[in-house]
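Novice: Below is a structure I'd like to ask you about.
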Amino acid sequence: EGRRSGTRGAEAARRFIIKQMQDIRLKDLQDDYKHYFEFTTRGGDTIQGQNIIGYVRGEQQEAFVITAHYDHLGVRDSVVYNGADDNASGVAALLALAEYFKANKPRHTLVFAALDAEEMGLQGAKAFVKDYTIPQEMIKLNINMDMISMNDKNELYVAGTYHNPNLKPILEEVEVLPLQLKFGHDSPDLGNDDWTNASDHGPFHAKGLPFLYFGVEDHEHYHQPTDDFENVNQQFYIRAAHAILDCILALDKSLN
């Protein structure tokens, strides 16, 4: 039903994500993968959101927080908005990354957070950076994925190096061909093309935490009922997920 926060569709998505984390055997932070929070909509309704969080312990405590929001628009005028690219693509990649790093121990601890209520004002990310079970001083970097599967130009953007220029040389050394890893969409002079606060990395940035955001430029299916699996560019999506993995490996090796 489109995974709108507070609906049966969102609960079905949570059950699926939790089952995947259990199968991968991710550790939880509080005897449960669910982290509850409440927020009020513009219409005055109170909604209980749930972030789903697991982690892989690394050789050191400092952590990369890898995020992807699992909510979408839900049902509008009896039409289901499935949100395949936005953002089932990011969540599927998050789970694949978790499985990889569970089998290949990283240097940094890696926290995998499927966040709720991004479409309602980045509420899940705002709750995450306030979550007392996650010490902010241990967060080294946020890596956010939102819309990584639909692009006809073979282009994946990574935003955030304008604010964190020390990360750019690391990423420039990563071999991602034939995919093109492009920098940009992260400086204030760009107006609406500045993605600094466009997704769940925004609240991390507001807290002074470094971020990198992987995503594609808007396309014809963005926030449309045609954002379905059939329109996913599967070859590009696989390349994008592998490129993000290679970037995380490089960052994990290079950052102290």
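We label chains A, B, ... in the order they appear in the structure tokens, count residues from 1 in each chain, and number ligands from 1 in the order shown.
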Extract, using only C-alpha atoms, all DNA, RNA and protein residues at most 6 Å from Val158 (chain A), discarding same-chain residues fewer than 3 positions from it, and format them as a VMD selection string.

Specialist: chain A and resid 183 213 to 214

Novice: For the residues selected in the previous step, produce a file with N, CA, C and O atoms as a PDB file, in the first residue's frame.

Specialist:
ATOM      1  N   PHE A 183      30.010  14.286  -8.808  1.00  0.00           N
ATOM      2  CA  PHE A 183      29.959  15.112  -7.611  1.00  0.00           C
ATOM      3  C   PHE A 183      29.095  16.342  -7.882  1.00  0.00           C
ATOM      4  O   PHE A 183      28.970  16.790  -9.007  1.00  0.00           O
ATOM      5  N   TYR A 213      25.646  11.633   0.293  1.00  0.00           N
ATOM      6  CA  TYR A 213      24.314  11.215  -0.182  1.00  0.00           C
ATOM      7  C   TYR A 213      24.437  10.665  -1.594  1.00  0.00           C
ATOM      8  O   TYR A 213      24.856  11.372  -2.516  1.00  0.00           O
ATOM      9  N   PHE A 214      24.067   9.408  -1.774  1.00  0.00           N
ATOM     10  CA  PHE A 214      24.063   8.777  -3.084  1.00  0.00           C
ATOM     11  C   PHE A 214      22.643   8.778  -3.641  1.00  0.00           C
ATOM     12  O   PHE A 214      21.708   8.304  -2.985  1.00  0.00           O
TER      13      PHE A 214
END

Novice: Quick one: residues within 8 Å of Leu29 (chain A), only C-alpha atoms, excluding same-chain residues fewer than 4 positions away - as an MDAnalysis selection string?

Specialist: chainID A and resid 33 53:55 133

Novice: Hey, which of A:Ala84, A:Ile24, A:Val75, A:Ala241 ends up closest to Tyr222 (chain A)? Count only C-alpha atoms.

Specialist: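 Using only C-alpha atoms, Tyr222 (chain A) sits closest to A:Ala84.
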
Novice: Just want the 12 Å neighbourhood of Ala114 (chain A), counted on only C-alpha atoms, with same-chain residues fewer than 3 positions away dropped. Output as a ChimeraX atom specification.

Specialist: /A:10,13-18,20-21,33-35,49-55,65-71,87-95,98,111,117-118,124-125,128,144-146,200

Novice: Would you mind writing down, as a compact mmCIF listing (two decimals) with N, CA and C atoms, in the first residue's frame, each residue of region 100-158 of chain A that DSSP on the backbone assigns to helix (DSSP H, G or I)?

Specialist:
# COMPACT_ATOMS: atom_id res chain seq x y z
N TYR A 100 26.84 -8.12 3.28
CA TYR A 100 28.25 -8.16 2.88
C TYR A 100 29.16 -7.92 4.08
N PHE A 101 28.88 -6.87 4.85
CA PHE A 101 29.78 -6.51 5.94
C PHE A 101 29.63 -7.44 7.15
N LYS A 102 28.52 -8.14 7.25
CA LYS A 102 28.43 -9.17 8.28
C LYS A 102 29.42 -10.29 7.99
N ALA A 103 29.65 -10.55 6.71
CA ALA A 103 30.58 -11.60 6.31
C ALA A 103 32.01 -11.09 6.14
N GLU A 118 10.46 9.83 6.06
CA GLU A 118 11.25 10.81 5.31
C GLU A 118 10.34 11.72 4.51
N GLU A 119 9.29 11.13 3.94
CA GLU A 119 8.38 11.89 3.08
C GLU A 119 7.53 12.89 3.87
N MET A 120 7.57 12.81 5.19
CA MET A 120 6.79 13.72 6.03
C MET A 120 7.69 14.72 6.77
N GLN A 123 11.40 12.97 9.30
CA GLN A 123 11.13 12.77 10.72
C GLN A 123 11.96 11.63 11.32
N GLY A 124 12.15 10.55 10.57
CA GLY A 124 12.93 9.44 11.09
C GLY A 124 14.38 9.82 11.32
N ALA A 125 14.96 10.58 10.42
CA ALA A 125 16.34 11.02 10.59
C ALA A 125 16.47 12.00 11.75
N LYS A 126 15.49 12.88 11.91
CA LYS A 126 15.50 13.81 13.04
C LYS A 126 15.44 13.05 14.36
N ALA A 127 14.62 11.99 14.38
CA ALA A 127 14.54 11.17 15.59
C ALA A 127 15.84 10.41 15.82
N PHE A 128 16.47 9.96 14.75
CA PHE A 128 17.72 9.20 14.88
C PHE A 128 18.79 10.03 15.57
N GLN A 136 26.20 10.29 19.69
CA GLN A 136 26.58 11.06 18.52
C GLN A 136 28.09 11.20 18.38
N GLU A 137 28.79 11.20 19.51
CA GLU A 137 30.25 11.38 19.43
C GLU A 137 30.93 10.19 18.75
N MET A 138 30.20 9.09 18.61
CA MET A 138 30.77 7.92 17.96
C MET A 138 30.49 7.90 16.45

Novice: Nearest to Asp116 (chain A): which of A:Phe39, A:Phe204, A:Phe211, A:Tyr237 is it, counting only C-alpha atoms?

Specialist: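 Among the listed residues, A:Phe39 lies closest to Asp116 (chain A).
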
Novice: Could you jot down the CA of Met147 (chain A) to CA of Asp85 (chain A) separation for me, Å, one decimal place?

Specialist: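 One can read the CA of Met147 (chain A) to CA of Asp85 (chain A) distance as 4.9 Å.
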
Novice: Name the residues of region 24-91 of chain A that come out as strand (DSSP E or B) in a backbone DSSP run; write them as a compact mmCIF listing (two decimals) with C-alpha atoms, in the first residue's frame.

Specialist:
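Written output follows (result19.txt):
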# COMPACT_ATOMS: atom_id res chain seq x y z
CA LYS A 27 23.12 -6.84 16.31
CA LYS A 34 12.56 -1.02 16.39
CA HIS A 35 13.19 2.52 17.61
CA TYR A 36 9.91 4.36 18.18
CA PHE A 37 9.25 8.07 17.85
CA GLU A 38 6.24 10.35 17.48
CA PHE A 39 5.66 13.39 15.31
CA THR A 40 2.78 15.68 14.42
CA THR A 46 0.08 12.46 15.75
CA ILE A 47 1.82 9.53 14.08
CA GLN A 48 4.07 6.95 15.68
CA GLY A 49 7.04 6.24 13.46
CA GLN A 50 9.52 3.41 13.73
CA ASN A 51 13.14 3.39 12.63
CA ILE A 52 14.61 -0.09 12.11
CA ILE A 53 18.25 -0.21 13.23
CA GLY A 54 20.91 -2.92 13.38
CA TYR A 55 24.68 -2.88 13.28
CA VAL A 56 27.86 -4.77 12.52
CA GLN A 60 36.79 0.21 16.35
CA GLN A 61 33.81 1.88 17.98
CA GLU A 62 33.59 4.91 15.71
CA ALA A 63 30.73 4.30 13.33
CA PHE A 64 29.49 4.98 9.83
CA VAL A 65 25.68 5.28 9.85
CA ILE A 66 24.24 3.93 6.60
CA THR A 67 20.67 5.10 6.02
CA ALA A 68 17.78 4.62 3.60
CA HIS A 69 14.15 5.54 4.20
CA GLY A 74 1.03 5.51 0.26
CA VAL A 75 -2.36 5.55 -1.45
CA ARG A 76 -3.67 8.72 -3.09
CA VAL A 79 -3.96 4.78 -6.50
CA VAL A 80 -1.01 2.99 -4.87
CA TYR A 81 2.34 4.78 -5.07

Novice: Residues at most 9 Å from Gly184 (chain A), counting only C-alpha atoms, excluding those fewer than 6 positions away in the same chain, as an NGL selection string?

Specialist: :A and (157-162 or 194-195)

Novice: Any idea what the distance is between CA of His185 (chain A) and CA of His163 (chain A)?

Specialist: 11.1 Å

Novice: Rank nothing, just name the residue among A:Gly2, A:Leu167, A:Leu249, A:Gln235 nearest to Leu141 (chain A), using only C-alpha atoms.

Specialist: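 Looking only at the distances to Leu141 (chain A), the closest residue turns out to be A:Leu167.
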
Novice: Identify which of the residues A:Ile134, A:Leu251, A:Ile143, A:Leu122 lies closest to Val174 (chain A), counting only C-alpha atoms when measuring atom-to-atom distances.

Specialist: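 Comparing A:Ile134, A:Leu251, A:Ile143, A:Leu122 against Val174 (chain A), the winner is A:Leu251.
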
Novice: So, with only C-alpha atoms as the atoms that count, which of A:Leu190, A:Cys247, A:Val176, A:Val216 lies closest to Met150 (chain A)?

Specialist: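 Of all the options, A:Val216 lies closest to Met150 (chain A).
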
Novice: Can you measure CA of Ile148 (chain A) to CA of Gln234 (chain A) for me? One decimal in Å is fine.

Specialist: 10.5 Å
